[in-house]
file data37.csv (CSV, C-alpha atoms and all ligand atoms)
chain,number,residue,atom,x,y,z
A,1093,MET,CA,-18.3,31.5,12.1
A,1094,GLY,CA,-14.7,30.9,10.9
A,1095,SER,CA,-12.2,33.7,10.6
A,1096,THR,CA,-11.9,33.2,6.8
A,1097,THR,CA,-15.5,34.3,6.4
A,1098,LEU,CA,-14.8,37.2,8.7
A,1099,ASN,CA,-11.8,38.4,6.7
A,1100,ARG,CA,-13.4,38.0,3.3
A,1101,THR,CA,-16.4,40.1,4.1
A,1102,ALA,CA,-14.7,42.6,6.4
A,1103,PRO,CA,-14.5,46.1,5.1
A,1104,THR,CA,-10.9,46.2,6.1
A,1105,LEU,CA,-8.5,43.8,7.8
A,1106,MET,CA,-9.4,42.5,11.2
A,1107,PRO,CA,-7.3,44.4,13.7
A,1108,GLU,CA,-5.2,41.4,14.6
A,1109,GLU,CA,-4.0,41.1,11.0
A,1110,ASN,CA,-3.0,44.6,10.2
A,1111,THR,CA,0.7,44.3,10.4
A,1112,GLU,CA,1.3,48.0,9.9
A,1113,LYS,CA,-0.4,48.9,13.1
A,1114,SER,CA,1.2,48.0,16.3
A,1115,ARG,CA,-1.2,49.6,18.7
A,1116,TRP,CA,-5.0,49.1,18.4
A,1117,THR,CA,-6.8,51.6,20.6
A,1118,VAL,CA,-10.4,51.6,21.8
A,1119,ARG,CA,-11.2,54.2,19.2
A,1120,ASP,CA,-9.7,52.1,16.4
A,1121,VAL,CA,-11.5,48.8,17.3
A,1122,VAL,CA,-14.8,50.5,17.8
A,1123,GLN,CA,-14.5,52.2,14.4
A,1124,TRP,CA,-13.5,49.0,12.7
A,1125,THR,CA,-16.2,46.9,14.4
A,1126,THR,CA,-19.0,49.4,13.7
A,1127,ALA,CA,-18.3,49.2,9.9
A,1128,TYR,CA,-18.0,45.5,10.1
A,1129,LEU,CA,-21.2,44.9,12.0
A,1130,ARG,CA,-23.0,47.4,9.7
A,1131,SER,CA,-21.9,45.3,6.7
A,1132,LYS,CA,-23.5,42.3,8.4
A,1133,GLY,CA,-26.9,44.0,8.6
A,1134,VAL,CA,-26.8,44.8,12.3
A,1135,THR,CA,-29.0,47.9,12.9
A,1136,SER,CA,-27.2,49.5,15.8
A,1137,PRO,CA,-23.6,48.7,14.9
A,1138,ARG,CA,-21.9,51.5,16.9
A,1139,LEU,CA,-23.8,51.0,20.1
A,1140,ASP,CA,-23.3,47.2,19.9
A,1141,SER,CA,-19.5,47.6,19.2
A,1142,GLU,CA,-19.2,49.7,22.3
A,1143,VAL,CA,-21.4,47.5,24.5
A,1144,LEU,CA,-19.4,44.4,23.5
A,1145,LEU,CA,-16.1,46.1,23.9
A,1146,ALA,CA,-17.1,47.4,27.4
A,1147,HIS,CA,-18.1,43.8,28.2
A,1148,ALA,CA,-14.8,42.4,26.9
A,1149,LEU,CA,-12.8,44.9,29.0
A,1150,GLY,CA,-15.0,44.5,32.1
A,1151,VAL,CA,-15.8,48.2,32.2
A,1152,ASP,CA,-19.0,50.2,31.6
A,1153,ARG,CA,-19.7,51.7,28.2
A,1154,LEU,CA,-19.3,55.3,29.1
A,1155,SER,CA,-15.9,54.8,30.6
A,1156,LEU,CA,-14.7,53.8,27.1
A,1157,TYR,CA,-15.0,57.5,26.2
A,1158,MET,CA,-12.7,58.5,29.0
A,1159,ASP,CA,-9.9,56.5,27.4
A,1160,LEU,CA,-10.4,56.4,23.7
A,1161,ASP,CA,-6.6,56.2,23.1
A,1162,ARG,CA,-6.1,53.3,25.4
A,1163,PRO,CA,-4.4,50.4,23.5
A,1164,LEU,CA,-5.9,46.9,23.8
A,1165,THR,CA,-3.7,44.0,24.9
A,1166,PRO,CA,-3.6,41.0,22.5
A,1167,THR,CA,-5.8,39.1,25.1
A,1168,GLU,CA,-8.4,41.8,25.2
A,1169,ARG,CA,-8.5,41.9,21.4
A,1170,ASP,CA,-9.0,38.1,21.3
A,1171,ARG,CA,-11.8,38.3,23.8
A,1172,TYR,CA,-13.4,41.1,21.9
A,1173,ARG,CA,-13.0,39.4,18.5
A,1174,ASP,CA,-14.9,36.4,19.8
A,1175,LEU,CA,-17.8,38.6,20.9
A,1176,VAL,CA,-17.9,40.5,17.6
A,1177,ARG,CA,-17.9,37.3,15.6
A,1178,ARG,CA,-21.0,36.1,17.5
A,1179,ARG,CA,-22.7,39.4,16.9
A,1180,ALA,CA,-21.9,39.3,13.2
A,1181,GLY,CA,-23.8,36.0,13.2
A,1182,ARG,CA,-26.7,38.0,14.5
A,1183,GLU,CA,-26.7,36.7,18.0
A,1184,PRO,CA,-28.4,39.3,20.2
A,1185,VAL,CA,-26.1,41.5,22.3
A,1186,ALA,CA,-28.2,40.5,25.4
A,1187,LEU,CA,-27.4,36.8,24.9
A,1188,ILE,CA,-23.7,37.6,24.4
A,1189,THR,CA,-23.5,39.7,27.5
A,1190,GLN,CA,-26.1,37.5,29.3
A,1191,THR,CA,-27.9,40.5,30.6
A,1192,ARG,CA,-30.6,43.0,29.6
A,1193,GLU,CA,-31.9,45.9,31.5
A,1194,PHE,CA,-35.7,46.2,31.9
A,1195,TRP,CA,-37.3,48.8,34.1
A,1196,SER,CA,-33.7,49.9,35.0
A,1197,ILE,CA,-33.1,46.5,36.6
A,1198,PRO,CA,-30.5,44.1,35.2
A,1199,PHE,CA,-31.9,40.7,34.2
A,1200,ARG,CA,-29.9,37.6,33.4
A,1201,VAL,CA,-30.9,36.0,30.2
A,1202,ARG,CA,-29.8,33.0,28.2
A,1203,ARG,CA,-30.9,31.0,25.2
A,1204,GLY,CA,-34.4,29.6,25.7
A,1205,VAL,CA,-35.6,32.7,27.6
A,1206,LEU,CA,-37.3,35.6,25.8
A,1207,ILE,CA,-35.2,38.7,26.1
A,1208,PRO,CA,-37.3,41.4,27.8
A,1209,ARG,CA,-38.4,44.1,25.4
A,1210,PRO,CA,-38.6,47.8,26.2
A,1211,GLU,CA,-42.3,47.9,25.0
A,1212,THR,CA,-43.2,45.5,27.7
A,1213,GLU,CA,-42.6,48.2,30.3
A,1214,ILE,CA,-46.1,49.5,29.2
A,1215,LEU,CA,-47.5,46.2,30.5
A,1216,VAL,CA,-45.8,47.0,33.9
A,1217,GLU,CA,-47.2,50.5,33.8
A,1218,CYS,CA,-50.7,49.2,33.2
A,1219,VAL,CA,-50.5,46.7,36.0
A,1220,LEU,CA,-49.2,49.3,38.4
A,1221,ALA,CA,-52.0,51.7,37.5
A,1222,GLU,CA,-54.5,49.0,38.1
A,1223,ILE,CA,-53.2,48.0,41.6
A,1224,ARG,CA,-52.2,51.4,42.9
A,1225,GLN,CA,-55.4,51.8,45.1
A,1226,ILE,CA,-55.4,48.2,46.4
A,1227,PRO,CA,-53.6,47.7,49.8
A,1228,SER,CA,-52.1,44.2,49.2
A,1229,PRO,CA,-52.8,43.4,45.7
A,1230,GLU,CA,-52.7,39.8,44.5
A,1231,ILE,CA,-51.3,39.4,41.0
A,1232,LEU,CA,-51.0,36.4,38.7
A,1233,GLU,CA,-48.5,36.6,35.8
A,1234,ILE,CA,-48.8,33.9,33.2
A,1235,GLY,CA,-45.7,33.1,31.2
A,1236,THR,CA,-43.1,35.1,33.2
A,1237,GLY,CA,-40.0,34.1,31.2
A,1238,SER,CA,-37.0,36.0,32.7
A,1239,GLY,CA,-39.4,37.3,35.4
A,1240,ALA,CA,-39.0,40.8,34.1
A,1241,VAL,CA,-42.7,41.9,34.6
A,1242,ALA,CA,-43.2,40.3,38.0
A,1243,VAL,CA,-39.8,41.6,39.3
A,1244,ALA,CA,-40.5,45.2,38.0
A,1245,VAL,CA,-44.0,45.2,39.7
A,1246,ALA,CA,-42.6,43.8,42.9
A,1247,ARG,CA,-39.9,46.5,43.0
A,1248,GLU,CA,-42.5,49.2,42.6
A,1249,MET,CA,-45.0,47.6,45.0
A,1250,PRO,CA,-43.3,45.6,47.7
A,1251,GLU,CA,-46.7,44.8,49.3
A,1252,ALA,CA,-47.9,43.1,46.2
A,1253,ARG,CA,-48.2,39.3,46.3
A,1254,ILE,CA,-47.3,37.9,43.0
A,1255,VAL,CA,-47.6,34.4,41.6
A,1256,ALA,CA,-45.7,34.0,38.3
A,1257,THR,CA,-45.9,30.9,36.2
A,1258,ASP,CA,-44.2,29.6,33.1
A,1259,ILE,CA,-44.7,26.3,31.3
A,1260,ASP,CA,-41.0,25.8,31.0
A,1261,PRO,CA,-39.3,24.7,34.3
A,1262,ALA,CA,-35.9,25.8,33.0
A,1263,VAL,CA,-37.2,29.3,32.5
A,1264,ILE,CA,-38.6,29.3,36.0
A,1265,GLN,CA,-35.0,28.8,37.3
A,1266,MET,CA,-33.9,32.0,35.5
A,1267,ALA,CA,-36.9,34.0,36.8
A,1268,ALA,CA,-36.0,32.7,40.3
A,1269,LEU,CA,-32.4,33.9,39.9
A,1270,ASN,CA,-33.6,37.3,38.7
A,1271,SER,CA,-36.1,37.8,41.5
A,1272,ARG,CA,-33.3,36.9,44.0
A,1273,GLN,CA,-30.8,39.3,42.4
A,1274,ALA,CA,-33.4,42.1,42.4
A,1275,GLY,CA,-34.2,41.4,46.1
A,1276,VAL,CA,-37.8,40.7,45.6
A,1277,SER,CA,-38.0,36.9,45.9
A,1278,SER,CA,-40.1,37.1,49.0
A,1279,SER,CA,-42.9,38.9,46.9
A,1280,ILE,CA,-43.0,36.4,44.1
A,1281,ARG,CA,-44.0,32.7,44.1
A,1282,LEU,CA,-42.8,31.0,40.9
A,1283,VAL,CA,-44.6,28.0,39.6
A,1284,ALA,CA,-43.8,25.8,36.5
A,1285,ALA,CA,-47.3,25.3,35.0
A,1286,ASP,CA,-49.6,25.8,32.1
A,1287,LEU,CA,-52.1,28.6,32.2
A,1288,PHE,CA,-54.5,28.3,35.2
A,1289,SER,CA,-53.8,24.6,35.9
A,1290,PRO,CA,-52.2,25.1,39.4
A,1291,PHE,CA,-55.2,27.0,40.8
A,1292,ARG,CA,-58.2,25.6,42.5
A,1293,PRO,CA,-61.6,27.1,41.6
A,1294,GLY,CA,-62.2,30.0,44.0
A,1295,THR,CA,-58.6,31.3,43.8
A,1296,ARG,CA,-58.9,34.9,42.7
A,1297,PHE,CA,-56.5,37.7,41.9
A,1298,ASP,CA,-56.8,41.4,41.5
A,1299,VAL,CA,-54.9,41.3,38.3
A,1300,ILE,CA,-54.0,38.6,35.8
A,1301,CYS,CA,-51.3,39.8,33.5
A,1302,SER,CA,-49.3,38.2,30.6
A,1303,ASN,CA,-47.0,38.9,27.7
A,1304,PRO,CA,-48.2,35.8,25.8
A,1305,PRO,CA,-46.8,34.6,22.5
A,1306,TYR,CA,-48.8,36.5,19.9
A,1307,VAL,CA,-47.0,36.4,16.6
A,1308,PRO,CA,-48.9,34.5,13.9
A,1309,THR,CA,-46.9,31.3,13.1
A,1310,LYS,CA,-46.3,32.2,9.5
A,1311,GLU,CA,-44.9,35.6,10.5
A,1312,ILE,CA,-42.2,34.3,12.7
A,1313,ALA,CA,-39.8,33.7,9.8
A,1314,LEU,CA,-40.2,37.3,8.8
A,1315,LEU,CA,-38.8,38.7,12.1
A,1316,GLU,CA,-35.2,39.8,12.5
A,1317,PRO,CA,-32.6,37.1,12.4
A,1318,GLU,CA,-31.7,37.9,16.0
A,1319,ILE,CA,-35.2,36.7,17.0
A,1320,VAL,CA,-35.7,33.9,14.5
A,1321,LEU,CA,-32.3,32.2,15.1
A,1322,PHE,CA,-31.8,32.8,18.8
A,1323,GLU,CA,-35.0,33.4,20.7
A,1324,PRO,CA,-37.5,30.7,21.9
A,1325,HIS,CA,-40.3,30.4,19.3
A,1326,SER,CA,-42.5,29.0,22.1
A,1327,ALA,CA,-42.5,32.5,23.6
A,1328,LEU,CA,-43.5,34.1,20.3
A,1329,ASP,CA,-45.7,31.7,18.3
A,1330,GLY,CA,-49.4,32.4,19.0
A,1331,GLY,CA,-50.7,30.0,16.5
A,1332,PRO,CA,-52.3,30.6,13.0
A,1333,ASP,CA,-53.8,34.0,13.9
A,1334,GLY,CA,-51.4,34.8,16.8
A,1335,LEU,CA,-54.4,34.8,19.1
A,1336,ASP,CA,-54.3,31.2,20.6
A,1337,LEU,CA,-53.1,32.3,24.0
A,1338,ILE,CA,-54.9,35.6,24.1
A,1339,ARG,CA,-58.1,33.6,23.4
A,1340,LYS,CA,-57.4,31.1,26.2
A,1341,LEU,CA,-56.4,33.8,28.7
A,1342,ALA,CA,-59.6,35.8,27.9
A,1343,ALA,CA,-61.7,32.8,28.3
A,1344,GLY,CA,-60.0,31.5,31.5
A,1345,ALA,CA,-59.2,34.7,33.4
A,1346,PRO,CA,-62.7,35.7,34.7
A,1347,ASP,CA,-62.9,32.5,36.8
A,1348,TYR,CA,-59.7,33.6,38.6
A,1349,LEU,CA,-60.4,37.3,38.9
A,1350,LYS,CA,-61.9,39.1,41.9
A,1351,THR,CA,-64.9,41.4,41.3
A,1352,SER,CA,-63.5,44.4,39.6
A,1353,GLY,CA,-60.3,42.6,38.8
A,1354,ALA,CA,-58.5,43.1,35.5
A,1355,LEU,CA,-56.9,41.1,32.8
A,1356,ILE,CA,-53.9,42.9,31.3
A,1357,MET,CA,-52.1,41.5,28.3
A,1358,GLU,CA,-49.5,42.6,25.8
A,1359,ILE,CA,-50.8,42.2,22.2
A,1360,GLY,CA,-49.5,42.5,18.7
A,1361,ASP,CA,-49.9,45.8,16.8
A,1362,GLN,CA,-52.5,44.3,14.4
A,1363,GLN,CA,-54.6,42.7,17.2
A,1364,GLU,CA,-56.4,45.6,18.7
A,1365,ASP,CA,-59.8,44.8,17.3
A,1366,CYS,CA,-59.6,41.0,17.5
A,1367,ALA,CA,-58.3,41.1,21.1
A,1368,THR,CA,-61.0,43.6,22.1
A,1369,ALA,CA,-63.6,41.3,20.6
A,1370,LEU,CA,-62.2,38.3,22.5
A,1371,LEU,CA,-62.1,40.0,25.8
A,1372,THR,CA,-65.7,41.0,25.4
A,1373,SER,CA,-67.1,37.8,24.0
A,1374,GLU,CA,-65.0,35.0,25.5
A,1375,GLY,CA,-64.2,36.7,28.7
A,1376,CYS,CA,-67.4,38.9,29.2
A,1377,LEU,CA,-65.0,41.6,30.3
A,1378,ARG,CA,-65.9,45.3,30.0
A,1379,ASP,CA,-64.3,48.7,29.9
A,1380,VAL,CA,-61.8,47.2,27.5
A,1381,ARG,CA,-59.0,49.7,26.7
A,1382,VAL,CA,-56.0,49.5,24.6
A,1383,PHE,CA,-52.7,51.4,25.4
A,1384,ARG,CA,-50.2,52.3,22.8
A,1385,ASP,CA,-46.4,52.3,22.8
A,1386,LEU,CA,-44.2,55.4,22.0
A,1387,ALA,CA,-44.5,54.6,18.3
A,1388,GLY,CA,-48.3,54.8,18.6
A,1389,ARG,CA,-48.8,51.1,18.1
A,1390,PRO,CA,-51.4,49.2,20.1
A,1391,ARG,CA,-49.4,47.3,22.7
A,1392,VAL,CA,-51.4,46.5,25.9
A,1393,ILE,CA,-55.1,45.6,26.4
A,1394,VAL,CA,-56.9,45.9,29.7
A,1395,GLY,CA,-60.4,44.4,30.4
A,1396,LYS,CA,-62.3,44.5,33.7
A,1397,VAL,CA,-64.6,42.0,35.3
A,1398,SER,CA,-68.2,43.1,35.2
A,1399,PRO,CA,-69.4,43.8,38.7
A,1401,LIG,N1,-42.9,41.8,20.4
A,1401,LIG,C1,-42.2,40.5,20.4
A,1401,LIG,C2,-41.4,40.4,19.1
A,1401,LIG,O1,-41.9,40.4,18.0
A,1401,LIG,C3,-43.2,39.4,20.5
A,1401,LIG,C4,-43.4,39.0,21.9
A,1401,LIG,C5,-44.5,38.1,22.1
A,1401,LIG,O2,-45.0,37.3,21.2
A,1401,LIG,N2,-45.0,38.1,23.2
A,1401,LIG,O3,-40.2,40.3,19.2
call {"tool": "encode", "arguments": {"input": "data37.csv", "output": "structure tokens", "more": "lines below"}}
Ligand code: GLN
result
Amino acid sequence: MGSTTLNRTAPTLMPEENTEKSRWTVRDVVQWTTAYLRSKGVTSPRLDSEVLLAHALGVDRLSLYMDLDRPLTPTERDRYRDLVRRRAGREPVALITQTREFWSIPFRVRRGVLIPRPETEILVECVLAEIRQIPSPEILEIGTGSGAVAVAVAREMPEARIVATDIDPAVIQMAALNSRQAGVSSSIRLVAADLFSPFRPGTRFDVICSNPPYVPTKEIALLEPEIVLFEPHSALDGGPDGLDLIRKLAAGAPDYLKTSGALIMEIGDQQEDCATALLTSEGCLRDVRVFRDLAGRPRVIVGKVSP
């Protein structure tokens, strides 16, 4: 985005161009940027302004508060302005800073990799609840993306043996980096592959988990610009009814689950009934249960193999 656009739509002058002001402090630029990002439709403008400024200055966000009157050097202002411009174009903060925290672990992200969502921590909780009693649980994660779910589970359960797949080899590189950085690479085997294709019949896991793409194709365009413009649609698009992958996972999982194993998937908030029906009919799974997120929306479904 050019600076002309920026100045025309800005609620006040960009800091650099206000000639009356010789010193721009942390407080000033955060205030200015908050108003500017709000005018661009960003939903958390204050937080984003602070996170981006901390990133530009190479400090953590809270230390900004220790020094609100600290003036910015011209170089710092330039660096910050570039980041703000990207955010004004609705690029997600996580892509600008190349990092997102999930399960209190920092994950590297970049374009082409789905940014881990806080709701997906419920998937991790459900997996952990399922394997708690199993001495060396064997877990398969399908569609690992950044590796967030596999890494979080490995951190909590070092004795777990995890195979994590993704159809995109480039994404697997990112998951590998994240599992190394989190110190759990010895627990996770990463495989670039589609669904169950790498596994011989007879290979069986205690848990198969996945955050599959589940947004109905037509609804993708209705999501926030951050998602539509910057996130991989392949990780979101679940076909006409959003259930393509959920259907395939439900149908395939029983052949790769041990007796009393479980299939655990994230689902969309409108998919509770359809997904329940699929797990029961396609997968012949039982004890199907749906867990909700903090907002009370259906989020994760669990089905068990019939003994
Ligand atoms: N909850 C995600 C979103 O709408 C969708 C993730 C998915 O399809 N797995 O941003």
call {"tool": "closest_residue", "arguments": {"input": "data37.csv", "among": "A:Ala1369, A:Leu1215, A:Glu1374, A:Gly1353", "to": "Val1397 (chain A)", "atoms": "all atoms listed in the file"}}
result
A:Gly1353
call {"tool": "closest_residue", "arguments": {"input": "data37.csv", "among": "A:Thr1309, A:Thr1372, A:Thr1167, A:Gln1225", "to": "ligand LIG 1401 (chain A)", "atoms": "all atoms listed in the file"}}
result
A:Thr1309
call {"tool": "residues_around", "arguments": {"input": "data37.csv", "residues": "region 1194-1200 of chain A", "least_positions_apart": "4", "cutoff": "8 Å", "atoms": "all atoms listed in the file", "output": "list in words"}}
result
Gln1190, Pro1208, Arg1209, Pro1210, Glu1213, Ser1238, Ala1240, Ala1244, Met1266, Leu1269, Asn1270 and Ala1274 of chain A
call {"tool": "closest_residue", "arguments": {"input": "data37.csv", "among": "A:Leu1355, A:Val1320, A:Val1307, A:Val1394", "to": "ligand LIG 1401 (chain A)", "atoms": "only C-alpha atoms and all ligand atoms"}}
result
A:Val1307
call {"tool": "closest_atom_pairs", "arguments": {"input": "data37.csv", "of": "chain A", "to": "ligand LIG 1401 (chain A)", "cutoff": "7 Å", "atoms": "all atoms listed in the file", "output": "tab-separated table"}}
result
residue	atom	partner	partner_atom	distance
A:Asn1303	CA	A:LIG1401	N2	5.0
A:Pro1304	CA	A:LIG1401	N2	4.7
A:Pro1305	CA	A:LIG1401	O2	3.5
A:Tyr1306	CA	A:LIG1401	O2	4.1
A:Val1307	CA	A:LIG1401	O2	5.1
A:Leu1315	CA	A:LIG1401	O1	6.9
A:Ile1319	CA	A:LIG1401	O3	6.5
A:Ala1327	CA	A:LIG1401	O2	5.9
A:Leu1328	CA	A:LIG1401	O2	3.6
A:Asp1329	CA	A:LIG1401	O2	6.3
A:Gly1330	CA	A:LIG1401	O2	6.9
A:Glu1358	CA	A:LIG1401	N2	6.9
A:Gly1360	CA	A:LIG1401	N1	6.9
call {"tool": "closest_residue", "arguments": {"input": "data37.csv", "among": "A:Ala1127, A:His1325, A:Val1283, A:Ile1356", "to": "Leu1139 (chain A)", "atoms": "all atoms listed in the file"}}
result
A:Ala1127
call {"tool": "residues_around", "arguments": {"input": "data37.csv", "residues": "Val1245 (chain A)", "least_positions_apart": "6", "cutoff": "8 Å", "atoms": "only C-alpha atoms", "output": "number ranges by chain"}}
result
A: 1216, 1219-1220, 1252
call {"tool": "residues_around", "arguments": {"input": "data37.csv", "residues": "Arg1296 (chain A)", "least_positions_apart": "2", "cutoff": "7 Å", "atoms": "only C-alpha atoms", "output": "PDB file with C-alpha atoms, in the frame of the given file"}}
result
ATOM      1  CA  GLY A1294     -62.200  30.000  44.000  1.00  0.00           C
ATOM      2  CA  ASP A1298     -56.800  41.400  41.500  1.00  0.00           C
ATOM      3  CA  TYR A1348     -59.700  33.600  38.600  1.00  0.00           C
ATOM      4  CA  LEU A1349     -60.400  37.300  38.900  1.00  0.00           C
ATOM      5  CA  LYS A1350     -61.900  39.100  41.900  1.00  0.00           C
TER       6      LYS A1350
END
call {"tool": "residues_around", "arguments": {"input": "data37.csv", "residues": "region 1171-1178 of chain A", "least_positions_apart": "2", "cutoff": "7 Å", "atoms": "all atoms listed in the file", "output": "list in words"}}
result
Met1093, Leu1144, Leu1145, Ala1148, Thr1167, Glu1168, Arg1169, Ala1180, Gly1181, Arg1182, Glu1183 and Ile1188 of chain A
call {"tool": "closest_residue", "arguments": {"input": "data37.csv", "among": "A:Val1255, A:Leu1377, A:Val1382, A:Ala1354", "to": "Ile1231 (chain A)", "atoms": "only C-alpha atoms"}}
result
A:Val1255
call {"tool": "atom_distance", "arguments": {"input": "data37.csv", "atom1": "CA of Glu1142 (chain A)", "atom2": "CA of Glu1193 (chain A)"}}
result
16.1 Å
call {"tool": "residues_around", "arguments": {"input": "data37.csv", "residues": "Arg1391 (chain A)", "least_positions_apart": "5", "cutoff": "8 Å", "atoms": "all atoms listed in the file", "output": "list in words"}}
result
Glu1211, Ile1214, Glu1358, Ile1359, Gly1360, Asp1361, Val1382, Phe1383, Arg1384 and Asp1385 of chain A
call {"tool": "closest_residue", "arguments": {"input": "data37.csv", "among": "A:Asp1260, A:Ser1398, A:Gln1362, A:Pro1332", "to": "Asp1347 (chain A)", "atoms": "all atoms listed in the file"}}
result
A:Ser1398
call {"tool": "atom_distance", "arguments": {"input": "data37.csv", "atom1": "CA of Val1392 (chain A)", "atom2": "CA of Thr1189 (chain A)"}}
result
28.8 Å
call {"tool": "residues_near_point", "arguments": {"input": "data37.csv", "point": "(-47.3, 32.3, 38.5)", "cutoff": "7 Å", "atoms": "all atoms listed in the file", "output": "PyMOL selection string"}}
result
chain A and resi 1232-1234+1255-1258+1281-1283
call {"tool": "atom_distance", "arguments": {"input": "data37.csv", "atom1": "CA of Ala1345 (chain A)", "atom2": "CA of Phe1288 (chain A)"}}
result
8.1 Å
